[in-house]
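What's in protein.txt: compact mmCIF, C-alpha atoms and all ligand atoms
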# COMPACT_ATOMS: atom_id res chain seq x y z
CA THR A 55 -244.28 223.24 -267.12
CA THR A 56 -241.91 224.96 -269.50
CA HIS A 57 -242.40 228.70 -269.76
CA LYS A 58 -242.12 230.22 -273.22
CA LEU A 59 -240.43 233.60 -273.35
CA LEU A 60 -239.98 235.69 -276.47
CA PHE A 61 -237.16 238.22 -276.40
CA LEU A 62 -237.54 241.22 -278.70
CA PRO A 63 -234.39 243.20 -277.86
CA GLY A 64 -234.90 245.86 -280.54
CA ASP A 65 -232.46 248.72 -281.10
CA GLY A 66 -229.82 250.80 -279.36
CA ILE A 67 -229.33 249.74 -275.75
CA GLY A 68 -232.27 247.31 -276.03
CA PRO A 69 -230.08 244.30 -276.92
CA GLU A 70 -227.47 245.35 -274.34
CA VAL A 71 -229.93 245.34 -271.43
CA ALA A 72 -231.89 242.32 -272.73
CA ARG A 73 -228.67 240.27 -272.60
CA GLU A 74 -228.39 240.97 -268.85
CA ALA A 75 -232.00 239.94 -268.19
CA GLU A 76 -231.26 236.69 -270.03
CA LYS A 77 -228.25 236.16 -267.83
CA VAL A 78 -230.52 236.34 -264.80
CA LEU A 79 -232.98 233.96 -266.46
CA ARG A 80 -230.23 231.45 -267.22
CA LEU A 81 -229.13 231.58 -263.62
CA LEU A 82 -232.69 230.88 -262.46
CA ALA A 83 -232.88 227.92 -264.83
CA GLN A 84 -229.55 226.55 -263.57
CA ALA A 85 -230.73 226.96 -259.99
CA GLY A 86 -233.81 224.89 -260.81
CA ALA A 87 -236.24 227.76 -260.24
CA GLY A 88 -238.10 226.95 -263.42
CA ARG A 89 -237.86 225.65 -266.98
CA PHE A 90 -237.69 228.24 -269.71
CA GLU A 91 -237.73 228.08 -273.47
CA THR A 92 -236.52 231.32 -275.02
CA GLU A 93 -236.87 232.60 -278.54
CA HIS A 94 -235.47 235.76 -280.11
CA ASP A 95 -236.79 237.95 -282.86
CA LEU A 96 -236.36 241.39 -284.40
CA VAL A 97 -238.46 244.46 -283.74
CA GLY A 98 -238.20 248.17 -284.49
CA GLY A 99 -235.33 249.44 -286.61
CA ALA A 100 -233.70 246.01 -286.62
CA ALA A 101 -236.85 244.55 -288.21
CA ILE A 102 -237.03 247.44 -290.68
CA ASP A 103 -233.47 246.69 -291.79
CA ALA A 104 -234.18 242.98 -292.21
CA HIS A 105 -237.80 242.93 -293.41
CA GLY A 106 -238.81 246.49 -294.29
CA VAL A 107 -241.43 246.62 -291.52
CA PRO A 108 -241.03 247.34 -287.78
CA VAL A 109 -242.64 244.03 -286.84
CA THR A 110 -243.63 241.08 -289.04
CA ASP A 111 -246.83 239.02 -288.82
CA ALA A 112 -244.69 236.04 -287.86
CA THR A 113 -243.25 237.96 -284.91
CA VAL A 114 -246.70 239.05 -283.76
CA ASN A 115 -247.77 235.39 -283.86
CA LEU A 116 -244.75 234.32 -281.81
CA ALA A 117 -245.59 237.06 -279.29
CA ALA A 118 -249.19 235.85 -279.03
CA GLU A 119 -248.03 232.28 -278.37
CA ALA A 120 -245.43 233.20 -275.77
CA ASP A 121 -246.21 233.23 -272.05
CA ALA A 122 -244.42 236.57 -271.87
CA VAL A 123 -242.68 238.91 -274.28
CA LEU A 124 -239.55 240.69 -273.08
CA PHE A 125 -239.17 243.82 -275.13
CA GLY A 126 -236.03 246.00 -275.08
CA SER A 127 -236.44 249.32 -276.81
CA VAL A 128 -236.85 250.58 -280.35
CA GLY A 129 -235.87 253.57 -282.43
CA GLY A 130 -232.88 255.72 -283.17
CA PRO A 131 -231.57 258.37 -285.55
CA LYS A 132 -230.84 255.77 -288.24
CA TRP A 133 -234.58 255.36 -288.90
CA ALA A 134 -235.60 258.99 -288.53
CA GLY A 135 -236.38 259.22 -292.25
CA VAL A 136 -238.63 256.17 -292.69
CA ARG A 137 -242.35 256.47 -293.45
CA TYR A 138 -244.41 257.37 -290.38
CA GLU A 139 -246.42 254.11 -290.37
CA HIS A 140 -243.18 252.18 -290.67
CA ARG A 141 -241.21 253.97 -287.97
CA PRO A 142 -239.63 251.68 -285.33
CA GLU A 143 -242.14 252.71 -282.62
CA ALA A 144 -244.98 251.43 -284.82
CA GLY A 145 -243.70 247.91 -284.07
CA LEU A 146 -244.47 248.35 -280.38
CA LEU A 147 -247.82 250.00 -281.09
CA ARG A 148 -248.84 247.10 -283.32
CA LEU A 149 -247.84 244.52 -280.70
CA ARG A 150 -249.89 246.38 -278.08
CA LYS A 151 -252.88 246.56 -280.39
CA ASP A 152 -252.77 243.03 -281.80
CA LEU A 153 -252.19 241.45 -278.39
CA GLY A 154 -254.94 243.61 -276.87
CA LEU A 155 -252.66 244.93 -274.13
CA PHE A 156 -255.10 247.22 -272.35
CA ALA A 157 -253.52 247.35 -268.89
CA ASN A 158 -250.21 249.12 -268.42
CA LEU A 159 -248.53 248.51 -265.07
CA ARG A 160 -245.90 251.02 -264.02
CA PRO A 161 -244.38 250.46 -260.60
CA ALA A 162 -242.50 253.33 -258.99
CA ILE A 163 -240.22 251.88 -256.37
CA CYS A 164 -237.67 253.95 -254.55
CA TYR A 165 -234.84 251.82 -253.29
CA PRO A 166 -233.60 253.36 -250.02
CA ALA A 167 -230.06 253.42 -251.42
CA LEU A 168 -231.24 255.70 -254.24
CA ALA A 169 -233.53 258.02 -252.26
CA SER A 170 -231.04 260.85 -252.55
CA ALA A 171 -231.22 260.63 -256.38
CA SER A 172 -234.93 261.50 -256.38
CA SER A 173 -236.21 264.91 -257.43
CA LEU A 174 -237.85 265.09 -254.00
CA LYS A 175 -236.54 265.09 -250.45
CA PRO A 176 -235.25 261.61 -249.54
CA GLU A 177 -237.67 261.22 -246.60
CA ILE A 178 -240.66 261.76 -248.92
CA VAL A 179 -239.67 258.92 -251.28
CA GLU A 180 -237.56 256.52 -249.25
CA GLY A 181 -239.22 253.11 -249.38
CA LEU A 182 -241.82 254.31 -251.88
CA ASP A 183 -243.60 251.41 -253.62
CA ILE A 184 -246.59 252.37 -255.73
CA LEU A 185 -248.11 250.84 -258.83
CA ILE A 186 -249.86 252.89 -261.47
CA VAL A 187 -252.36 250.92 -263.57
CA ARG A 188 -252.99 252.87 -266.75
CA GLU A 189 -255.68 252.01 -269.29
CA LEU A 190 -253.72 251.70 -272.52
CA THR A 191 -256.00 251.08 -275.49
CA GLY A 192 -258.91 253.49 -275.03
CA GLY A 193 -259.58 257.11 -274.17
CA VAL A 194 -258.59 260.31 -275.89
CA TYR A 195 -255.55 258.91 -277.72
CA PHE A 196 -257.79 256.66 -279.80
CA GLY A 197 -261.33 258.11 -279.63
CA GLU A 198 -263.05 259.23 -282.84
CA PRO A 199 -263.52 261.82 -284.21
CA LYS A 200 -259.89 262.79 -284.15
CA GLU A 201 -259.19 265.52 -286.68
CA ILE A 202 -258.21 269.05 -287.55
CA VAL A 203 -260.83 270.77 -289.71
CA THR A 204 -260.81 274.19 -291.32
CA LEU A 205 -263.86 276.29 -290.46
CA GLU A 206 -265.72 278.62 -292.83
CA ASN A 207 -264.03 281.66 -291.31
CA GLY A 208 -260.63 280.12 -292.07
CA GLU A 209 -259.90 279.21 -288.47
CA LYS A 210 -258.89 275.65 -287.74
CA ARG A 211 -260.50 273.42 -285.18
CA ALA A 212 -258.77 270.42 -283.58
CA VAL A 213 -260.79 267.59 -282.07
CA ASP A 214 -259.74 264.68 -279.88
CA THR A 215 -262.43 262.56 -278.31
CA GLN A 216 -262.31 260.94 -274.90
CA VAL A 217 -264.36 257.74 -275.07
CA TYR A 218 -264.77 254.98 -272.49
CA THR A 219 -267.31 252.16 -272.34
CA THR A 220 -268.39 250.42 -269.15
CA GLY A 221 -266.64 247.27 -270.39
CA GLU A 222 -263.31 249.05 -270.79
CA ILE A 223 -263.52 250.58 -267.32
CA ASP A 224 -264.72 247.34 -265.76
CA ARG A 225 -261.75 245.28 -266.97
CA ILE A 226 -259.06 247.80 -265.98
CA ALA A 227 -260.68 248.26 -262.55
CA ARG A 228 -260.59 244.49 -262.00
CA VAL A 229 -256.88 244.37 -262.85
CA ALA A 230 -256.24 247.12 -260.28
CA PHE A 231 -258.27 245.44 -257.52
CA GLU A 232 -256.65 242.05 -258.16
CA LEU A 233 -253.18 243.59 -257.96
CA ALA A 234 -254.04 245.55 -254.80
CA ARG A 235 -255.01 242.29 -253.08
CA LYS A 236 -251.47 241.05 -253.61
CA ARG A 237 -250.03 244.33 -252.30
CA ARG A 238 -251.28 246.68 -249.57
CA ASN A 239 -254.94 246.26 -250.51
CA LYS A 240 -255.70 249.85 -251.49
CA VAL A 241 -256.85 251.32 -254.82
CA SER A 242 -257.01 255.01 -255.65
CA SER A 243 -259.05 255.69 -258.77
CA ALA A 244 -258.12 258.94 -260.50
CA GLU A 245 -260.48 260.75 -262.90
CA LYS A 246 -262.14 264.15 -263.34
CA HIS A 247 -265.83 263.45 -262.72
CA ASN A 248 -266.27 267.13 -261.84
CA VAL A 249 -265.74 268.22 -265.46
CA MET A 250 -265.81 265.09 -267.66
CA LYS A 251 -268.62 262.66 -268.49
CA SER A 252 -266.05 259.92 -268.96
CA GLY A 253 -264.98 260.69 -265.38
CA VAL A 254 -268.55 260.32 -264.13
CA LEU A 255 -268.86 256.90 -265.77
CA TRP A 256 -265.35 255.88 -264.65
CA LYS A 257 -266.14 256.64 -261.02
CA GLU A 258 -269.53 254.92 -261.20
CA VAL A 259 -268.19 251.70 -262.76
CA VAL A 260 -265.18 251.47 -260.43
CA ALA A 261 -267.48 251.92 -257.40
CA ARG A 262 -269.87 249.25 -258.71
CA ILE A 263 -267.12 246.67 -259.37
CA HIS A 264 -265.71 247.42 -255.94
CA ALA A 265 -269.02 246.91 -254.13
CA ALA A 266 -269.83 243.76 -256.10
CA ASP A 267 -266.54 241.89 -256.05
CA TYR A 268 -263.79 243.70 -254.17
CA ALA A 269 -265.35 245.18 -251.03
CA ASP A 270 -262.35 243.84 -249.04
CA VAL A 271 -260.05 246.27 -250.87
CA GLU A 272 -259.91 249.88 -249.70
CA LEU A 273 -261.08 252.20 -252.51
CA GLU A 274 -260.72 255.96 -252.76
CA HIS A 275 -261.73 258.23 -255.61
CA VAL A 276 -259.32 261.07 -256.30
CA LEU A 277 -259.43 263.86 -258.85
CA ALA A 278 -256.54 263.37 -261.28
CA ASP A 279 -255.10 266.86 -260.75
CA ASN A 280 -255.15 266.38 -256.99
CA CYS A 281 -253.49 263.00 -257.53
CA ALA A 282 -250.64 264.73 -259.38
CA MET A 283 -250.25 267.12 -256.48
CA GLN A 284 -250.32 264.33 -253.88
CA LEU A 285 -247.71 262.35 -255.86
CA VAL A 286 -245.17 265.10 -255.29
CA ARG A 287 -246.42 266.01 -251.83
CA ARG A 288 -246.93 262.68 -250.07
CA PRO A 289 -246.57 259.79 -252.58
CA LYS A 290 -246.34 257.06 -249.95
CA GLN A 291 -250.09 257.41 -249.23
CA TYR A 292 -250.72 255.44 -252.45
CA ASP A 293 -250.61 251.73 -253.19
CA VAL A 294 -252.33 251.10 -256.56
CA ILE A 295 -253.51 254.06 -258.65
CA VAL A 296 -255.89 253.16 -261.49
CA THR A 297 -256.55 255.72 -264.18
CA ASP A 298 -257.27 256.31 -267.84
CA ASN A 299 -254.86 256.49 -270.75
CA LEU A 300 -254.17 260.25 -270.74
CA PHE A 301 -254.00 260.81 -266.98
CA GLY A 302 -252.04 257.59 -266.63
CA ASP A 303 -249.45 258.75 -269.15
CA ILE A 304 -248.83 261.92 -267.19
CA LEU A 305 -249.13 260.55 -263.65
CA SER A 306 -246.84 257.61 -264.38
CA ASP A 307 -244.13 259.85 -265.83
CA ALA A 308 -244.38 262.11 -262.78
CA ALA A 309 -244.23 259.11 -260.45
CA ALA A 310 -241.24 257.78 -262.39
CA MET A 311 -239.15 260.78 -261.49
CA LEU A 312 -239.79 260.23 -257.79
CA THR A 313 -237.53 257.23 -258.02
CA GLY A 314 -234.33 258.49 -259.60
CA SER A 315 -233.33 257.27 -263.04
CA LEU A 316 -235.11 256.18 -266.19
CA GLY A 317 -232.74 253.22 -266.18
CA MET A 318 -234.48 251.83 -263.07
CA LEU A 319 -238.09 251.68 -264.28
CA PRO A 320 -239.76 248.46 -265.46
CA SER A 321 -243.27 248.10 -266.89
CA ALA A 322 -245.79 245.49 -267.92
CA SER A 323 -248.65 245.56 -270.40
CA LEU A 324 -251.33 242.91 -269.99
CA GLY A 325 -254.14 241.68 -272.21
CA ALA A 326 -257.49 240.14 -271.34
CA GLU A 327 -257.69 236.76 -269.66
CA ASP A 328 -258.88 233.97 -271.96
CA ALA A 329 -261.05 231.02 -270.88
CA SER A 330 -258.03 229.15 -269.52
CA GLY A 331 -256.92 232.16 -267.45
CA ARG A 332 -254.00 232.93 -269.73
CA ARG A 333 -253.28 236.52 -270.83
CA ALA A 334 -250.96 238.04 -273.40
CA ALA A 335 -248.26 240.11 -271.74
CA LEU A 336 -245.35 242.29 -272.76
CA TYR A 337 -242.68 243.47 -270.36
CA GLU A 338 -240.35 246.36 -271.12
CA PRO A 339 -238.23 249.00 -269.50
CA VAL A 340 -239.81 252.46 -269.60
CA HIS A 341 -236.72 253.96 -271.23
CA GLY A 342 -236.03 254.17 -274.96
CA SER A 343 -233.06 253.06 -277.04
CA ALA A 344 -230.73 255.78 -275.65
CA PRO A 345 -228.73 256.39 -278.86
CA ASP A 346 -226.42 258.71 -276.92
CA ILE A 347 -224.94 255.79 -274.96
CA ALA A 348 -225.76 252.81 -277.21
CA GLY A 349 -222.94 250.42 -278.06
CA GLN A 350 -220.75 251.60 -275.20
CA GLY A 351 -221.77 249.11 -272.52
CA LEU A 352 -222.88 251.92 -270.21
CA ALA A 353 -226.63 251.32 -270.02
CA ASN A 354 -228.28 250.47 -266.72
CA PRO A 355 -229.84 246.99 -267.11
CA LEU A 356 -231.90 247.18 -263.89
CA ALA A 357 -235.11 248.39 -265.60
CA MET A 358 -234.91 245.39 -267.95
CA ILE A 359 -234.09 242.99 -265.11
CA GLY A 360 -237.00 244.50 -263.17
CA SER A 361 -239.20 243.86 -266.20
CA LEU A 362 -238.14 240.22 -266.13
CA ALA A 363 -239.09 240.09 -262.45
CA MET A 364 -242.54 241.43 -263.35
CA ALA A 365 -242.87 238.73 -266.03
CA LEU A 366 -242.01 236.06 -263.48
CA ARG A 367 -244.61 237.49 -261.09
CA TYR A 368 -247.51 238.27 -263.40
CA SER A 369 -247.19 235.79 -266.28
CA LEU A 370 -245.26 232.79 -264.98
CA GLY A 371 -246.75 232.41 -261.50
CA MET A 372 -243.30 232.76 -259.93
CA GLY A 373 -243.90 235.60 -257.49
CA GLY A 374 -241.48 234.24 -254.91
CA ILE A 375 -238.68 234.06 -257.48
CA ALA A 376 -239.55 237.58 -258.67
CA ASP A 377 -239.13 238.78 -255.08
CA ARG A 378 -235.70 237.17 -254.97
CA VAL A 379 -234.64 238.94 -258.17
CA GLU A 380 -235.81 242.29 -256.79
CA GLU A 381 -234.06 241.59 -253.48
CA ALA A 382 -230.85 240.93 -255.42
CA VAL A 383 -231.22 244.31 -257.14
CA ALA A 384 -231.76 246.03 -253.77
CA LYS A 385 -228.73 244.23 -252.35
CA VAL A 386 -226.51 245.37 -255.21
CA LEU A 387 -227.69 248.96 -254.75
CA ASN A 388 -227.23 248.77 -250.98
CA ALA A 389 -223.68 247.62 -251.60
CA GLY A 390 -223.15 250.91 -253.43
CA LEU A 391 -222.80 249.43 -256.91
CA ARG A 392 -223.97 251.86 -259.60
CA THR A 393 -224.10 252.24 -263.35
CA ARG A 394 -223.14 255.68 -264.61
CA ASP A 395 -226.70 257.07 -264.72
CA ILE A 396 -227.24 256.52 -260.99
CA ALA A 397 -223.67 257.02 -259.79
CA ALA A 398 -222.60 259.96 -257.69
CA PRO A 399 -220.40 262.48 -259.49
CA GLY A 400 -216.89 261.09 -259.62
CA GLN A 401 -217.97 257.63 -258.41
CA ASN A 402 -216.52 254.63 -260.19
CA ALA A 403 -219.39 253.18 -262.23
CA LEU A 404 -220.05 249.64 -263.45
CA GLY A 405 -220.79 248.79 -267.07
CA THR A 406 -223.96 247.07 -268.24
CA ALA A 407 -222.53 243.53 -268.13
CA GLU A 408 -220.82 244.07 -264.78
CA MET A 409 -224.11 245.22 -263.26
CA GLY A 410 -225.86 242.14 -264.65
CA ASP A 411 -223.11 239.95 -263.17
CA ALA A 412 -223.47 241.71 -259.81
CA VAL A 413 -227.21 241.00 -259.73
CA CYS A 414 -226.57 237.34 -260.59
CA ALA A 415 -223.95 237.11 -257.85
CA ALA A 416 -226.34 238.67 -255.33
P1 LIG B 1 -234.39 257.44 -273.94
O1 LIG B 1 -235.17 256.83 -272.84
O2 LIG B 1 -233.85 256.52 -274.95
O3 LIG B 1 -233.16 258.28 -273.33
C1 LIG B 1 -233.34 259.43 -272.49
C2 LIG B 1 -232.07 259.67 -271.68
O4 LIG B 1 -231.99 258.69 -270.64
C3 LIG B 1 -230.79 259.52 -272.49
O5 LIG B 1 -229.83 260.44 -272.03
C4 LIG B 1 -230.33 258.11 -272.19
O6 LIG B 1 -228.94 257.93 -272.28
C5 LIG B 1 -230.81 257.91 -270.75
N1 LIG B 1 -231.16 256.51 -270.51
C6 LIG B 1 -232.26 255.86 -270.95
N2 LIG B 1 -232.23 254.59 -270.58
C7 LIG B 1 -231.09 254.41 -269.88
C8 LIG B 1 -230.49 253.29 -269.23
N3 LIG B 1 -231.05 252.07 -269.22
N4 LIG B 1 -229.30 253.47 -268.61
C9 LIG B 1 -228.70 254.68 -268.60
N5 LIG B 1 -229.22 255.77 -269.18
C10 LIG B 1 -230.41 255.63 -269.82
O7 LIG B 1 -235.35 258.52 -274.61
P2 LIG B 1 -235.09 259.44 -275.91
O8 LIG B 1 -233.68 259.88 -275.94
O9 LIG B 1 -236.17 260.43 -275.87
O10 LIG B 1 -235.37 258.50 -277.16
C11 LIG B 1 -234.36 257.77 -277.86
C12 LIG B 1 -235.03 256.85 -278.87
O11 LIG B 1 -235.79 255.87 -278.15
C13 LIG B 1 -236.00 257.55 -279.81
O12 LIG B 1 -235.88 256.93 -281.07
C14 LIG B 1 -237.34 257.25 -279.17
O13 LIG B 1 -238.38 257.29 -280.12
C15 LIG B 1 -237.13 255.87 -278.64
N6 LIG B 1 -238.01 255.49 -277.52
C16 LIG B 1 -238.43 254.20 -277.50
C17 LIG B 1 -239.21 253.74 -276.47
C18 LIG B 1 -239.57 252.30 -276.47
O14 LIG B 1 -238.97 251.51 -277.14
N7 LIG B 1 -240.56 251.91 -275.68
C19 LIG B 1 -239.64 254.62 -275.38
C20 LIG B 1 -239.08 255.95 -275.45
C21 LIG B 1 -238.31 256.35 -276.50
MG MG B 2 -245.25 259.11 -271.54
So, in terms of structure tokens, how does the structure I just supplied come out?
Amino acid sequence: TTHKLLFLPGDGIGPEVAREAEKVLRLLAQAGAGRFETEHDLVGGAAIDAHGVPVTDATVNLAAEADAVLFGSVGGPKWAGVRYEHRPEAGLLRLRKDLGLFANLRPAICYPALASASSLKPEIVEGLDILIVRELTGGVYFGEPKEIVTLENGEKRAVDTQVYTTGEIDRIARVAFELARKRRNKVSSAEKHNVMKSGVLWKEVVARIHAADYADVELEHVLADNCAMQLVRRPKQYDVIVTDNLFGDILSDAAAMLTGSLGMLPSASLGAEDASGRRAALYEPVHGSAPDIAGQGLANPLAMIGSLAMALRYSLGMGGIADRVEEAVAKVLNAGLRTRDIAAPGQNALGTAEMGDAVCAA
């Protein structure tokens, strides 16, 4: 089979790091690891400049047809003045919404060679490999009512609403259990059932799915605040953490900093499986467009290359090849090669393209 990949490099360092991921992909194709058909399109500020909107209908259709979308990053000072609905970030939000990407996967891996760059003691994070599965399309960021109203006494009242249905919890729990089976077989479900009804339902549904279909996976329920504490205290106790949109936003950012640099962090966003077992999927580095270093060839491409590895693993059925790509990254880091963001003070750093070449060579 030929795998269809859509590259949406976007703005700032997006195109710079996407180019390096494509280099890796080309190498895999040359080595006979798989057959790939790649397409490129505009998103974010680049799409605003060309079409007046941050993503066109045609691009959304291409994304829906692709086996995986590789997204760079969007935004930058150039588009700071555009209408809110047409800001570059709206392109990503629309893709997430239209493709139904409800499961956000954020691995936090601490390569031994980078343990000293963590905000924690090296021994606490060395060898860390956890995966946070965040629900991405429900919860308090989207629940209605969502408003600020003025009361009769002149005070204002702000309302956000946390809403989850059993169906929404069911499908994210299944993603977490399936992933755990391919890892260390443990799921920690984080909510606040002690103070939130949505937490009560979350815990109940996760426990039910577990008992019915995933009893072979170890499950623990953890209060989200305790989970935050444990992430900085003893993060290696976790394998897969599944949680809602709000807690997942915060826990995944905290977990990210256990591992060193923003330039190292990949992510995946997955949609529902259709009848043929296919699901829409978008892969992107966690970082933004980094206007401060854009155009200088300084960006770390490893988050983007890691995102490609996730695409190979989760969308293309090429887990073994994904492992090889990640091993190449580890090898490069073990050899002491660094881009500027992860280099020691005074260390000679590689540029973006040189780092991509090093990964290909490894
Ligand atoms: P940012 O992630 O772009 O940059 C934060 C800091 O990390 C900067 O100092 C940057 O140089 C550094 N950095 C980020 N990625 C790096 C890499 N690969 N290699 C080396 N250093 C790296 O976040 P910031 O500055 O808050 O936002 C910049 C723009 O990006 C804004 O327009 C923002 O809205 C947008 N953004 C877009 C995202 C996306 O496309 N998913 C996510 C976050 C921000
Ligand atoms: Mg965040």
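Put simply, atom CA of Gly405 of chain A is 9.8 Å away from atom N4 of ligand LIG 1 (chain B).
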message = My list of candidates is A:Glu380, A:Asp328, A:Asp183, A:Glu338. Which is closest to Phe61 of chain A when distances are computed with only C-alpha atoms?
response =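 Of A:Glu380, A:Asp328, A:Asp183, A:Glu338, the one nearest Phe61 of chain A, counting only C-alpha atoms, is A:Glu338.
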ask   = How many Å separate atom CA of Ala376 of chain A from atom CA of Leu82 of chain A?
value =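 Here the two named atoms are 10.3 Å from each other.
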key: Residues within 10 Å of ligand LIG 1 (chain B), counting all atoms listed in the file, as JSON, numbers by chain   = {"A": [63, 64, 65, 66, 67, 68, 70, 71, 97, 98, 99, 125, 126, 127, 128, 129, 130, 131, 132, 133, 134, 141, 142, 143, 144, 145, 146, 147, 315, 316, 317, 318, 319, 321, 338, 339, 340, 341, 342, 343, 344, 345, 346, 347, 348, 351, 352, 353, 354, 355, 356, 357, 358, 393, 394, 395, 396, 405, 406]}
task = Kindly compile the residues surrounding ligand MG 2 (chain B) within 7 Å, counting all atoms listed in the file, and format them as a ChimeraX atom specification.
result = /A:303-304,307
For the contact check between segment 318-360 of chain A and segment 157-163 of chain A, emit one row per residue of segment 318-360 of chain A within 8 Å, containing the shortest atom pair and the distance in Å rounded to one decimal, counting only C-alpha atoms, chain then rising number order, as CSV.
residue,atom,partner,partner_atom,distance
A:Leu319,CA,A:Ala162,CA,7.1
A:Pro320,CA,A:Arg160,CA,6.8
A:Ser321,CA,A:Arg160,CA,4.9
A:Ala322,CA,A:Leu159,CA,5.0
A:Ser323,CA,A:Asn158,CA,4.4
A:Leu324,CA,A:Ala157,CA,5.1
A:Gly325,CA,A:Ala157,CA,6.6
Hey, can you spit out that residue selection with C-alpha atoms as a PDB file, in the frame of the given file?
ATOM      1  CA  LEU A 319    -238.090 251.680-264.280  1.00  0.00           C
ATOM      2  CA  PRO A 320    -239.760 248.460-265.460  1.00  0.00           C
ATOM      3  CA  SER A 321    -243.270 248.100-266.890  1.00  0.00           C
ATOM      4  CA  ALA A 322    -245.790 245.490-267.920  1.00  0.00           C
ATOM      5  CA  SER A 323    -248.650 245.560-270.400  1.00  0.00           C
ATOM      6  CA  LEU A 324    -251.330 242.910-269.990  1.00  0.00           C
ATOM      7  CA  GLY A 325    -254.140 241.680-272.210  1.00  0.00           C
TER       8      GLY A 325
END
message = Counting only C-alpha atoms, I want the residues whose atoms come within 7 Å of (-257.7, 252.9, -260.0) in the file frame, returned as an NGL selection string.
response = :A and (187 or 227 or 230 or 241-244 or 294-297)
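For the pair atom CA of Gly193 of chain A and atom CA of Arg137 of chain A, the separation is 25.9 Å.
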query = Hey, which of A:Arg188, A:Lys58, A:Arg392, A:Lys290 ends up closest to Ala122 of chain A? Count only C-alpha atoms.
reply =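 Using only C-alpha atoms, Ala122 of chain A sits closest to A:Lys58.
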Could you work out an axis-aligned bounding box for all listed atoms of segment 217-220 of chain A, with 3 Å added on each of the six sides, and give its centre and edge lengths in Å to one decimal, as lines of an AutoDock Vina configuration file?
center_x = -266.4
center_y = 254.1
center_z = -272.1
size_x = 10.0
size_y = 13.3
size_z = 11.9
